[in-house]
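Okay, structure-v3.txt now, which holds compact mmCIF, C-alpha atoms:
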```txt
# COMPACT_ATOMS: atom_id res chain seq x y z
CA MET A 1 3.60 35.10 3.48
CA ARG A 2 6.28 34.92 6.05
CA ARG A 3 9.64 35.58 4.58
CA ALA A 4 10.79 32.08 4.14
CA VAL A 5 14.42 31.41 3.53
CA LEU A 6 14.56 29.48 0.32
CA ALA A 7 17.69 27.99 -1.02
CA VAL A 8 18.30 25.04 -3.21
CA ALA A 9 21.29 22.87 -3.39
CA GLY A 10 21.44 21.27 -6.77
CA LEU A 11 24.14 18.71 -6.45
CA ALA A 12 25.67 17.58 -9.68
CA ALA A 13 26.77 14.26 -8.34
CA GLY A 14 23.78 12.04 -8.91
CA THR A 15 23.40 10.36 -5.63
CA SER A 16 20.59 7.91 -5.80
CA LEU A 17 20.70 7.06 -2.15
CA LEU A 18 18.55 8.77 0.37
CA VAL A 19 20.82 8.12 3.26
CA VAL A 20 20.93 10.80 5.87
CA VAL A 21 24.47 11.21 7.01
CA LYS A 22 24.32 12.47 10.47
CA GLY A 23 24.80 11.15 13.90
CA GLY A 24 22.50 10.85 16.84
CA ALA A 25 19.47 9.17 15.40
CA GLY A 26 17.82 9.90 18.70
CA ALA A 27 15.00 8.13 20.36
CA ALA A 28 14.32 4.47 20.13
CA PRO A 29 11.10 3.31 18.51
CA ASP A 30 7.91 3.54 20.52
CA THR A 31 7.81 -0.01 21.65
CA VAL A 32 9.60 -3.18 20.90
CA ALA A 33 7.19 -6.04 21.01
CA ALA A 34 8.74 -9.12 22.43
CA ALA A 35 5.81 -11.24 21.41
CA ASN A 36 6.02 -13.57 18.48
CA ALA A 37 5.28 -11.59 15.39
CA GLY A 38 4.22 -14.49 13.31
CA PRO A 39 5.55 -15.39 9.90
CA THR A 40 6.16 -12.07 8.24
CA PRO A 41 6.85 -12.42 4.54
CA SER A 42 10.20 -10.76 4.77
CA SER A 43 11.71 -12.24 1.66
CA SER A 44 9.00 -11.06 -0.68
CA ALA A 45 11.31 -8.45 -2.17
CA GLY A 46 13.27 -11.17 -3.78
CA THR A 47 10.45 -12.96 -5.47
CA PRO A 48 10.32 -12.86 -9.25
CA GLY A 49 7.06 -10.96 -9.13
CA SER A 50 8.53 -7.95 -7.45
CA PRO A 51 11.95 -6.96 -8.64
CA ASP A 52 13.50 -3.96 -7.05
CA PRO A 53 16.24 -2.92 -9.41
CA SER A 54 16.77 0.36 -7.67
CA ALA A 55 17.15 -1.09 -4.22
CA PRO A 56 19.97 0.75 -2.57
CA ALA A 57 21.26 -2.10 -0.48
CA SER A 58 23.70 -3.37 -3.06
CA LYS A 59 25.31 0.01 -3.50
CA ALA A 60 25.04 1.44 -0.06
CA PRO A 61 28.14 1.43 2.02
CA VAL A 62 26.06 1.75 5.16
CA ALA A 63 24.27 -1.45 4.34
CA LYS A 64 27.22 -3.55 5.33
CA LYS A 65 26.30 -5.99 7.94
CA THR A 66 28.07 -5.41 11.18
CA THR A 67 29.28 -8.92 11.49
CA ALA A 68 32.69 -7.97 12.76
CA LYS A 69 31.93 -7.65 16.42
CA PRO A 70 29.52 -10.08 17.94
CA LYS A 71 28.70 -8.87 21.38
CA PRO A 72 30.34 -11.03 23.99
CA GLY A 73 28.54 -12.31 26.99
CA LYS A 74 25.06 -12.13 25.53
CA ASN A 75 23.21 -15.37 25.39
CA ASN A 76 20.82 -15.60 22.53
CA THR A 77 17.42 -15.53 24.06
CA ALA A 78 15.22 -15.09 21.05
CA ALA A 79 13.05 -12.45 22.65
CA ALA A 80 13.18 -8.77 21.75
CA PRO A 81 16.06 -8.24 19.38
CA PRO A 82 17.45 -4.82 20.11
CA PRO A 83 16.73 -2.39 17.30
CA ALA A 84 19.95 -0.51 17.92
CA ALA A 85 22.13 -2.32 15.41
CA PRO A 86 20.20 -2.65 12.17
CA LYS A 87 21.64 -4.94 9.57
CA SER A 88 20.71 -2.80 6.60
CA ASN A 89 18.86 0.39 5.88
CA LYS A 90 15.56 -0.82 4.55
CA VAL A 91 12.46 -2.75 5.51
CA VAL A 92 10.15 -4.23 2.89
CA GLY A 93 6.45 -4.61 3.59
CA PRO A 94 4.41 -7.51 2.26
CA ARG A 95 2.99 -7.47 -1.25
CA VAL A 96 -0.72 -6.67 -0.98
CA GLU A 97 -3.13 -7.12 -3.89
CA ASN A 98 -5.61 -4.47 -4.87
CA PRO A 99 -7.83 -3.90 -7.94
CA TYR A 100 -4.94 -2.21 -9.77
CA GLY A 101 -2.49 -5.02 -9.21
CA ALA A 102 -0.35 -5.11 -6.11
CA VAL A 103 1.37 -2.75 -3.75
CA GLN A 104 4.53 -3.26 -1.78
CA VAL A 105 6.02 -0.65 0.49
CA VAL A 106 9.70 -0.10 1.26
CA LEU A 107 10.91 1.93 4.21
CA GLU A 108 14.35 3.46 3.79
CA LEU A 109 16.03 4.09 7.11
CA ASP A 110 18.84 5.89 8.78
CA GLY A 111 19.13 4.01 12.02
CA ASN A 112 15.61 4.07 13.38
CA ARG A 113 14.57 7.14 11.40
CA ILE A 114 12.51 6.71 8.29
CA VAL A 115 14.04 8.88 5.59
CA ASN A 116 11.83 7.77 2.72
CA VAL A 117 8.80 5.62 2.05
CA ARG A 118 8.33 4.28 -1.44
CA THR A 119 6.46 1.58 -3.28
CA LEU A 120 8.21 -1.05 -5.33
CA GLU A 121 7.75 -0.81 -9.05
CA MET A 122 5.70 -3.78 -10.16
CA PRO A 123 6.40 -5.41 -13.55
CA ASP A 124 2.83 -4.98 -14.74
CA GLN A 125 2.96 -1.29 -14.11
CA GLU A 126 1.29 0.65 -16.81
CA ALA A 127 3.90 2.36 -18.94
CA ARG A 128 2.47 5.71 -19.74
CA SER A 129 4.33 7.46 -22.50
CA ASP A 130 2.37 10.59 -22.82
CA GLN A 131 3.45 13.10 -25.37
CA LEU A 132 3.14 16.66 -24.44
CA SER A 133 4.07 19.80 -26.21
CA ALA A 134 4.56 21.71 -23.02
CA GLN A 135 4.41 25.43 -23.26
CA VAL A 136 7.07 26.30 -20.81
CA GLU A 137 6.51 29.38 -18.80
CA SER A 138 9.31 31.85 -19.24
CA GLN A 139 9.56 32.76 -15.59
CA LEU A 140 10.35 29.22 -14.59
CA GLY A 141 13.75 27.64 -14.84
CA ASP A 142 13.67 24.72 -17.25
CA GLU A 143 16.00 21.75 -17.29
CA ALA A 144 15.93 18.04 -17.78
CA VAL A 145 14.95 16.22 -14.64
CA ARG A 146 17.84 14.31 -13.13
CA GLU A 147 18.73 12.69 -9.89
CA GLN A 148 20.16 15.01 -7.30
CA GLY A 149 20.12 15.34 -3.58
CA ALA A 150 22.39 14.32 -0.76
CA ASP A 151 22.57 14.85 2.96
CA LEU A 152 18.80 15.04 3.19
CA ASP A 153 16.72 15.25 6.34
CA THR A 154 13.47 14.11 4.76
CA VAL A 155 11.69 13.64 1.43
CA SER A 156 8.53 15.18 -0.03
CA GLY A 157 6.53 13.08 -2.45
CA ALA A 158 3.09 11.80 -3.32
CA THR A 159 1.85 8.66 -1.63
CA GLU A 160 -1.02 6.34 -2.23
CA THR A 161 -4.08 6.12 -0.06
CA SER A 162 -5.29 2.65 -1.00
CA GLU A 163 -6.07 0.06 1.63
CA ALA A 164 -3.44 -2.23 0.10
CA TYR A 165 -0.81 0.49 0.54
CA LYS A 166 -1.82 0.99 4.15
CA GLU A 167 -1.64 -2.70 4.92
CA SER A 168 1.83 -3.13 3.44
CA LEU A 169 2.96 0.04 5.19
CA ARG A 170 1.60 -0.97 8.57
CA LYS A 171 3.35 -4.30 8.45
CA ALA A 172 6.62 -2.77 7.30
CA ILE A 173 6.58 -0.37 10.26
CA ASP A 174 5.79 -3.21 12.65
CA ARG A 175 8.78 -5.10 11.32
CA MET A 176 11.01 -2.04 11.53
CA LYS A 177 10.09 -1.53 15.18
CA LYS A 178 11.01 -5.12 15.92
CA GLY A 179 14.46 -4.35 14.55
CA GLU A 180 14.00 -6.39 11.38
CA ARG A 181 15.79 -5.31 8.22
CA ASP A 182 15.88 -6.61 4.66
CA MET B 1 18.60 15.91 22.41
CA THR B 2 16.76 14.98 19.29
CA GLU B 3 13.33 13.46 19.70
CA PHE B 4 12.11 11.35 16.81
CA ARG B 5 9.02 9.21 16.41
CA VAL B 6 7.35 7.56 13.47
CA ARG B 7 3.92 5.92 13.27
CA GLU B 8 1.30 4.83 10.81
CA CYS B 9 -1.71 7.11 11.11
CA MET B 10 -4.29 8.69 8.80
CA GLY B 11 -3.51 5.98 6.28
CA THR B 12 0.06 7.05 5.88
CA VAL B 13 3.38 7.31 7.64
CA ILE B 14 3.87 10.26 9.96
CA SER B 15 7.28 11.17 11.32
CA VAL B 16 8.05 13.93 13.77
CA GLU B 17 11.58 15.05 14.54
CA ILE B 18 12.27 17.68 17.17
CA ALA B 19 15.86 18.87 17.11
CA SER B 20 15.63 20.95 20.28
CA GLY B 21 13.13 21.64 23.02
CA GLY B 22 11.32 18.35 22.50
CA SER B 23 10.12 15.67 24.87
CA ALA B 24 8.33 12.37 24.74
CA ALA B 25 5.26 14.05 26.22
CA LEU B 26 5.26 16.58 23.38
CA LEU B 27 5.47 13.78 20.83
CA ASP B 28 2.55 12.08 22.61
CA GLU B 29 0.51 15.26 22.18
CA VAL B 30 1.37 15.57 18.49
CA PHE B 31 0.35 12.01 17.71
CA ALA B 32 -2.80 12.33 19.82
CA TRP B 33 -3.71 15.22 17.53
CA PHE B 34 -3.19 13.09 14.43
CA ASP B 35 -5.33 10.33 15.96
CA GLU B 36 -8.03 12.92 16.61
CA VAL B 37 -7.84 14.14 13.00
CA ASP B 38 -8.04 10.57 11.73
CA ALA B 39 -11.11 9.80 13.84
CA ARG B 40 -12.82 12.99 12.74
CA PHE B 41 -11.90 13.17 9.06
CA SER B 42 -11.35 9.62 7.85
CA THR B 43 -13.55 8.81 4.86
CA PHE B 44 -12.90 5.12 5.53
CA LYS B 45 -14.59 5.19 8.93
CA ALA B 46 -18.36 5.27 8.69
CA ASP B 47 -18.72 6.90 12.11
CA SER B 48 -16.24 9.72 11.45
CA GLU B 49 -17.63 13.22 11.71
CA VAL B 50 -16.94 13.90 8.05
CA CYS B 51 -18.95 10.82 7.01
CA ARG B 52 -21.83 11.65 9.35
CA PHE B 53 -21.89 15.18 7.98
CA ASP B 54 -21.80 13.88 4.40
CA ARG B 55 -24.77 11.59 5.08
CA GLY B 56 -26.72 14.49 6.55
CA GLU B 57 -26.79 13.00 10.03
CA LEU B 58 -24.91 15.99 11.39
CA GLY B 59 -25.85 19.58 10.65
CA LEU B 60 -23.35 22.37 10.19
CA PRO B 61 -24.34 24.11 13.46
CA ASP B 62 -23.52 20.92 15.36
CA ALA B 63 -20.23 20.32 13.58
CA SER B 64 -16.93 20.71 15.41
CA ALA B 65 -14.85 23.84 15.00
CA GLU B 66 -12.29 21.73 13.15
CA LEU B 67 -14.80 20.46 10.59
CA ARG B 68 -16.17 23.94 10.00
CA THR B 69 -12.64 25.28 9.52
CA VAL B 70 -11.87 22.55 7.00
CA LEU B 71 -15.13 23.07 5.10
CA ASP B 72 -14.51 26.83 4.96
CA ARG B 73 -10.98 26.41 3.68
CA CYS B 74 -12.03 23.81 1.10
CA ALA B 75 -14.68 26.21 -0.21
CA ASP B 76 -12.08 29.00 -0.44
CA LEU B 77 -9.61 26.72 -2.17
CA TRP B 78 -12.26 25.55 -4.65
CA ARG B 79 -12.70 29.18 -5.69
CA GLU B 80 -8.99 29.99 -5.68
CA THR B 81 -8.23 27.03 -7.94
CA ASP B 82 -11.07 27.53 -10.44
CA GLY B 83 -12.67 24.38 -9.07
CA TYR B 84 -9.63 22.18 -9.69
CA PHE B 85 -9.32 21.50 -5.98
CA ASP B 86 -12.67 19.93 -5.23
CA GLY B 87 -13.53 18.33 -1.91
CA TYR B 88 -16.49 16.72 -3.66
CA ALA B 89 -14.54 15.45 -6.72
CA SER B 90 -15.37 11.86 -5.88
CA GLY B 91 -19.10 12.58 -5.68
CA ARG B 92 -19.09 12.70 -1.92
CA LEU B 93 -17.35 14.83 0.65
CA ASP B 94 -13.67 13.95 0.83
CA PRO B 95 -11.49 16.82 2.08
CA SER B 96 -8.46 14.51 2.49
CA GLY B 97 -6.45 16.51 -0.07
CA PHE B 98 -6.50 19.43 2.34
CA VAL B 99 -6.74 17.70 5.72
CA LYS B 100 -3.38 15.96 5.61
CA GLY B 101 -1.42 19.14 5.00
CA TRP B 102 -3.60 21.17 7.32
CA SER B 103 -3.20 18.73 10.20
CA VAL B 104 0.59 18.79 9.81
CA GLN B 105 0.52 22.59 9.77
CA VAL B 106 -1.51 22.64 13.00
CA ALA B 107 0.89 20.15 14.59
CA SER B 108 3.86 22.30 13.59
CA ASP B 109 2.19 25.46 14.90
CA ARG B 110 1.56 23.74 18.23
CA LEU B 111 5.15 22.53 18.47
CA LEU B 112 6.36 26.06 17.87
CA ALA B 113 4.00 27.42 20.52
CA ALA B 114 5.28 24.80 22.97
CA GLY B 115 8.84 25.99 22.49
CA ALA B 116 10.01 23.28 20.10
CA VAL B 117 11.32 25.76 17.56
CA ASP B 118 13.44 23.28 15.60
CA HIS B 119 11.34 20.53 14.08
CA CYS B 120 10.33 18.61 10.99
CA VAL B 121 6.92 16.97 10.55
CA ASN B 122 6.34 14.72 7.54
CA ALA B 123 2.98 13.04 6.85
CA GLY B 124 3.13 10.91 3.73
CA GLY B 125 5.36 13.34 1.89
CA ASP B 126 3.73 16.56 3.10
CA VAL B 127 6.46 18.33 5.04
CA ARG B 128 6.57 21.27 7.46
CA VAL B 129 9.97 22.34 8.77
CA ARG B 130 10.96 25.04 11.22
CA GLY B 131 14.28 26.18 12.68
CA GLN B 132 17.30 23.97 12.28
CA SER B 133 17.98 20.29 11.82
CA PRO B 134 19.98 18.39 14.43
CA ALA B 135 23.04 19.15 12.30
CA GLY B 136 22.63 22.83 13.18
CA ARG B 137 21.73 24.01 9.69
CA PRO B 138 18.46 24.64 7.81
CA TRP B 139 16.47 21.50 7.03
CA ARG B 140 17.18 19.84 3.69
CA VAL B 141 14.13 18.36 2.01
CA GLY B 142 14.45 16.25 -1.12
CA ILE B 143 11.70 16.06 -3.73
CA ARG B 144 11.08 12.57 -4.98
CA HIS B 145 12.24 11.76 -8.50
CA PRO B 146 9.10 10.80 -10.44
CA TRP B 147 10.68 7.86 -12.23
CA ASN B 148 13.02 6.61 -9.55
CA ALA B 149 11.37 6.06 -6.20
CA SER B 150 14.67 5.79 -4.39
CA ALA B 151 16.07 9.04 -5.76
CA THR B 152 15.27 12.72 -5.44
CA CYS B 153 15.35 15.31 -8.22
CA HIS B 154 15.55 18.59 -6.33
CA VAL B 155 16.49 19.81 -2.88
CA VAL B 156 14.74 22.57 -0.99
CA SER B 157 16.41 23.97 2.08
CA GLY B 158 14.94 26.34 4.64
CA SER B 159 13.97 27.14 8.20
CA ASP B 160 10.30 27.98 7.82
CA LEU B 161 8.78 26.08 4.96
CA ALA B 162 5.74 24.04 3.99
CA ILE B 163 6.40 21.60 1.15
CA ALA B 164 3.65 19.53 -0.49
CA THR B 165 3.98 17.25 -3.49
CA SER B 166 1.30 15.68 -5.69
CA GLY B 167 2.28 13.19 -8.32
CA VAL B 168 0.96 10.45 -10.54
CA TYR B 169 3.96 8.14 -10.34
CA GLU B 170 2.53 5.77 -7.79
CA ARG B 171 0.62 2.73 -8.95
CA GLY B 172 -3.09 3.15 -9.41
CA HIS B 173 -2.81 6.74 -8.38
CA HIS B 174 -4.33 9.25 -10.71
CA VAL B 175 -5.79 12.71 -10.41
CA VAL B 176 -9.04 13.43 -12.18
CA ASP B 177 -9.78 16.73 -13.87
CA PRO B 178 -13.03 17.61 -12.08
CA HIS B 179 -14.26 19.51 -15.14
CA THR B 180 -13.93 16.60 -17.58
CA GLY B 181 -14.00 13.61 -15.23
CA ARG B 182 -10.97 12.24 -17.05
CA PRO B 183 -7.48 11.66 -15.64
CA ALA B 184 -5.32 14.73 -15.95
CA THR B 185 -2.22 14.48 -18.12
CA GLY B 186 0.82 16.61 -18.77
CA LEU B 187 2.38 16.87 -15.35
CA ARG B 188 4.00 14.05 -13.49
CA SER B 189 4.81 15.78 -10.23
CA VAL B 190 3.95 19.14 -8.68
CA THR B 191 5.61 20.46 -5.54
CA VAL B 192 4.35 23.66 -3.95
CA VAL B 193 6.43 25.47 -1.32
CA GLY B 194 5.22 28.27 0.91
CA ALA B 195 4.05 29.15 4.39
CA ASP B 196 0.86 27.10 4.86
CA LEU B 197 0.91 23.37 4.23
CA GLY B 198 -2.84 22.83 3.79
CA THR B 199 -2.87 25.48 1.08
CA ALA B 200 0.28 24.10 -0.56
CA ASP B 201 -1.25 20.62 -0.53
CA ALA B 202 -4.43 21.80 -2.23
CA TYR B 203 -2.54 23.93 -4.78
CA ALA B 204 -0.33 20.98 -5.74
CA THR B 205 -3.37 18.74 -6.22
CA ALA B 206 -5.15 21.42 -8.25
CA ALA B 207 -2.19 22.14 -10.52
CA LEU B 208 -1.73 18.45 -11.24
CA ALA B 209 -5.42 18.20 -12.18
CA MET B 210 -5.06 21.20 -14.51
CA GLY B 211 -2.35 19.45 -16.49
CA THR B 212 -0.07 21.66 -18.53
CA ALA B 213 -2.16 24.73 -17.77
CA GLY B 214 -1.25 24.20 -14.13
CA VAL B 215 2.24 25.53 -14.79
CA ARG B 216 0.88 28.89 -15.90
CA TRP B 217 -1.57 28.94 -13.00
CA LEU B 218 1.16 28.25 -10.43
CA GLY B 219 3.21 31.10 -11.90
CA GLY B 220 0.45 33.52 -10.89
CA ILE B 221 0.21 32.45 -7.26
CA VAL B 222 1.66 34.96 -4.82
CA GLY B 223 3.62 33.64 -1.87
CA TYR B 224 4.07 30.10 -3.14
CA ALA B 225 6.86 28.70 -5.30
CA CYS B 226 6.88 25.47 -7.24
CA VAL B 227 8.91 22.68 -8.75
CA VAL B 228 7.11 20.83 -11.58
CA VAL B 229 8.17 17.75 -13.53
CA THR B 230 6.34 17.19 -16.83
CA ASP B 231 5.50 13.88 -18.46
CA GLU B 232 8.36 14.62 -20.87
CA GLY B 233 10.87 14.78 -18.06
CA ARG B 234 11.33 18.52 -17.95
CA LYS B 235 11.81 20.10 -14.56
CA LEU B 236 10.47 23.61 -14.12
CA SER B 237 11.23 25.52 -10.95
CA SER B 238 10.46 28.97 -9.60
CA SER B 239 13.42 31.30 -9.39
CA ALA B 240 13.06 31.35 -5.60
CA LEU B 241 13.72 27.62 -5.66
CA SER B 242 16.27 27.51 -8.46
CA SER B 243 19.59 25.84 -8.09
CA VAL B 244 22.30 27.72 -6.23
CA ALA B 245 24.84 24.95 -6.38
```

Output the file's structure as C-alpha cells, nothing else.
Amino acid sequence: MRRAVLAVAGLAAGTSLLVVVKGGAGAAPDTVAAANAGPTPSSSAGTPGSPDPSAPASKAPVAKKTTAKPKPGKNNTAAAPPPAAPKSNKVVGPRVENPYGAVQVVLELDGNRIVNVRTLEMPDQEARSDQLSAQVESQLGDEAVREQGADLDTVSGATETSEAYKESLRKAIDRMKKGERD
Amino acid sequence: MTEFRVRECMGTVISVEIASGGSAALLDEVFAWFDEVDARFSTFKADSEVCRFDRGELGLPDASAELRTVLDRCADLWRETDGYFDGYASGRLDPSGFVKGWSVQVASDRLLAAGAVDHCVNAGGDVRVRGQSPAGRPWRVGIRHPWNASATCHVVSGSDLAIATSGVYERGHHVVDPHTGRPATGLRSVTVVGADLGTADAYATAALAMGTAGVRWLGGIVGYACVVVTDEGRKLSSSALSSVA
C-alpha cells in the first residue's frame, strides 16, 4: 500500500453540525432551471409523520436568514432565483413510500456544496436493541462511540440503494439547484 | 480556483471537488465516466451489460474490459473475504458493492493523471481524497455517527486515502450473511481506510456481514485500517486511525 498519511482529530467538543467552515464554495450548480418546477412538497419535513429532531437548522448559526440586506434595484421577476444566497443550509426531499415504510432525504449544505446526505428518522423505524457480548480485539482502540468532528470537508457513511431513496434524493437535488432551502 | 460539482448518478449522490488544477471540462469527463459506469453496471436497467451478462445473452469473451475487470476483482474479493463479499449474494449477479468504490477510484486516478492533484470524490459515502483541501491542509473526512445521522463519530485526515463505510443504520438496509442467509448482527458500522476504494468498499461490506467476527478479520488485513462501531455503541479503531487530539 502506498504510505498514506493517517491522522485523526478526535475533537472533544461534541459538534453535531456538519458545517464546513471555509470560504470559496466555488462553482455554481450545473444549471439553474428557470422553468416552473411544479409544486414541490417542501414543507414535508414539518409534518407530524416525519419529525426531524436532529435537524441542525435551529442550532446552526449559519442558518440565519439573511434578511438584513435586501438587494436594491432588483425587481422581483419570479424566474430563476439566484442560488448564491441560500436561506439555510439544508434541503429536504419528498417523503417516498417503499415496502419498508418511507424514505426522506435531507441534503446538508455549505453554500452550494453538499457536505452530507442523510435520511430522516421515521417514527416507525424498527428499534433494534441487539445484545452482543463483543470480544474486543486487543489491537484495536476501544471507547464509547460519541459525536465528534468539526471543520469537515466531507462525510463517509452508508447509504440506501432503494428506488424510494433515489426518488427523494433526485428531487432534493433538483430543489437545491433551484436555490430552494428548507 | 476550486471546482465543485454534485449530481445524482448511479442511484446515489456523487460530488467531486477539485482544489487545484481543475476545470469544468475535467468535471464533465468525470461525470461522463460515472454515467458510463451506471449504464454498464446498473442492475436496475435491463439492458445494462451486467444484466445481459447475467441472463447469458453476453458471453465473457464479448464482455467489455471494464466488466471483465470487475468480475475478476469480485472473484478475488470473494476468496479474500471467505465468501462474505459475494457478488451473487442476491441470487443473481450484483457487483454494486464493489463497483461504486471502484468507479470512484478510477475517477480519482484519472484526475490525478490529468494534473488535478488536489481533489475529493464522494459517491454515496465512499470517499477518495488526494492532495490538499482548498484550505491548504489534508482533507478531513468525518465518519457518520450510526445513531445520529447529522453527526459524525470519528475524523480521518489524510492526503492519499480511500475511505468506505458500510452500515445498517439506514432504514430497510440490512446486510445478509451469505453463509446463513440471515441478516448479520453485531456491528452497526464498518469503515475501512486504505489505498484502493473498491477493495475498501468490499472489505467493509464483508466485515459487516461477518458480524462480530469481522473485527478479528479486519485486524488481520494488511494495508487497511478500520473504525468499527458495534451494536452496543463501542467504537473500535486501528492504531493508525486512533485519536491524536

With all atoms listed in the file as the counted atoms, please give the residues lying no more than 12 Å from Arg128 of chain B, apart from itself and same-chain residues fewer than 2 positions off, as a PyMOL selection string.
(chain A and resi 153-156) or (chain B and resi 14-18+100-109+111-112+118-126+130-131+139-141+156-165+192-198+200-201)

Need the shell around Val105 of chain A: protein/DNA/RNA residues with any atom at most 6 Å away, counting only C-alpha atoms. Skip same-chain ones fewer than 6 positions apart. Format as JSON, numbers by chain?
{"A": [92, 93, 118, 119, 168, 169]}

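Of the listed residues (A:Val91, A:Leu152, A:Val96, A:Val115), A:Leu152 comes nearest to chain B; the distances count only C-alpha atoms.
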
Sorted by chain and rising residue number, which residues of chain B lie within 6 Å of chain A, and what are their closest atom pairs and distances in Å to one decimal, counting all atoms listed in the file, as JSON lines?
```
{"residue": "B:Thr2", "atom": "CA", "partner": "A:Gly26", "partner_atom": "CA", "distance": 5.2}
{"residue": "B:Glu3", "atom": "CA", "partner": "A:Ala27", "partner_atom": "CA", "distance": 5.6}
{"residue": "B:Phe4", "atom": "CA", "partner": "A:Ala27", "partner_atom": "CA", "distance": 5.6}
{"residue": "B:Gly11", "atom": "CA", "partner": "A:Lys166", "partner_atom": "CA", "distance": 5.7}
{"residue": "B:Gly124", "atom": "CA", "partner": "A:Thr159", "partner_atom": "CA", "distance": 6.0}
{"residue": "B:Gly125", "atom": "CA", "partner": "A:Ser156", "partner_atom": "CA", "distance": 4.1}
{"residue": "B:Asp126", "atom": "CA", "partner": "A:Ser156", "partner_atom": "CA", "distance": 5.9}
{"residue": "B:Arg140", "atom": "CA", "partner": "A:Leu152", "partner_atom": "CA", "distance": 5.1}
{"residue": "B:Val141", "atom": "CA", "partner": "A:Thr154", "partner_atom": "CA", "distance": 5.1}
{"residue": "B:Gly142", "atom": "CA", "partner": "A:Val155", "partner_atom": "CA", "distance": 4.6}
{"residue": "B:Ile143", "atom": "CA", "partner": "A:Ser156", "partner_atom": "CA", "distance": 5.0}
{"residue": "B:Arg144", "atom": "CA", "partner": "A:Gly157", "partner_atom": "CA", "distance": 5.2}
{"residue": "B:Ala149", "atom": "CA", "partner": "A:Arg118", "partner_atom": "CA", "distance": 5.9}
{"residue": "B:Ala151", "atom": "CA", "partner": "A:Ser16", "partner_atom": "CA", "distance": 4.7}
{"residue": "B:Thr152", "atom": "CA", "partner": "A:Glu147", "partner_atom": "CA", "distance": 5.6}
{"residue": "B:Cys153", "atom": "CA", "partner": "A:Glu147", "partner_atom": "CA", "distance": 4.6}
{"residue": "B:His154", "atom": "CA", "partner": "A:Gln148", "partner_atom": "CA", "distance": 5.9}
{"residue": "B:Val155", "atom": "CA", "partner": "A:Val8", "partner_atom": "CA", "distance": 5.5}
{"residue": "B:Val156", "atom": "CA", "partner": "A:Val8", "partner_atom": "CA", "distance": 4.9}
{"residue": "B:Ser157", "atom": "CA", "partner": "A:Ala7", "partner_atom": "CA", "distance": 5.2}
{"residue": "B:Gly158", "atom": "CA", "partner": "A:Val5", "partner_atom": "CA", "distance": 5.2}
{"residue": "B:Asp160", "atom": "CA", "partner": "A:Ala4", "partner_atom": "CA", "distance": 5.5}
{"residue": "B:Thr165", "atom": "CA", "partner": "A:Gly157", "partner_atom": "CA", "distance": 5.0}
{"residue": "B:Ser166", "atom": "CA", "partner": "A:Ala158", "partner_atom": "CA", "distance": 4.9}
{"residue": "B:Gly167", "atom": "CA", "partner": "A:Ala158", "partner_atom": "CA", "distance": 5.3}
{"residue": "B:Gly172", "atom": "CA", "partner": "A:Tyr100", "partner_atom": "CA", "distance": 5.7}
{"residue": "B:Gly223", "atom": "CA", "partner": "A:Met1", "partner_atom": "CA", "distance": 5.5}
{"residue": "B:Gly233", "atom": "CA", "partner": "A:Val145", "partner_atom": "CA", "distance": 5.5}
{"residue": "B:Arg234", "atom": "CA", "partner": "A:Ala144", "partner_atom": "CA", "distance": 4.6}
{"residue": "B:Lys235", "atom": "CA", "partner": "A:Val145", "partner_atom": "CA", "distance": 5.0}
{"residue": "B:Leu236", "atom": "CA", "partner": "A:Asp142", "partner_atom": "CA", "distance": 4.6}
{"residue": "B:Ser237", "atom": "CA", "partner": "A:Gly141", "partner_atom": "CA", "distance": 5.1}
{"residue": "B:Ser238", "atom": "CA", "partner": "A:Leu140", "partner_atom": "CA", "distance": 5.0}
{"residue": "B:Leu241", "atom": "CA", "partner": "A:Val8", "partner_atom": "CA", "distance": 5.8}
{"residue": "B:Ser243", "atom": "CA", "partner": "A:Gly10", "partner_atom": "CA", "distance": 5.1}
{"residue": "B:Val244", "atom": "CA", "partner": "A:Val8", "partner_atom": "CA", "distance": 5.7}
{"residue": "B:Ala245", "atom": "CA", "partner": "A:Gly10", "partner_atom": "CA", "distance": 5.0}
```

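The space between atom CA of Val129 of chain B and atom CA of Arg7 of chain B spans 18.1 Å.
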
Determine, counting all atoms listed in the file, which protein, DNA and RNA residues have an atom within 7 Å of an atom of Asp94 of chain B; residues of the same chain fewer than 3 positions away are not included. Present the result as an MDAnalysis selection string.
chainID B and resid 43 87:88

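The two atoms in question, atom CA of Asp62 of chain B and atom CA of Tyr84 of chain B, are spaced 28.7 Å apart.
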
Would you mind listing what lies within 9 Å of segment 47-61 of chain B as a VMD selection string, with all atoms listed in the file counted and same-chain residues fewer than 4 positions away left out?
chain B and resid 38 to 43 67 to 68 92 to 95

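The spacing separating atom CA of Val30 of chain B from atom CA of Ala113 of chain B amounts to 12.3 Å.
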
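All residues of protein, DNA or RNA that reach within 10 Å of Asp35 of chain B, judged by all atoms listed in the file and not counting those fewer than 6 positions away in the chain, are Cys9, Met10, Glu29 and Phe41 of chain B.
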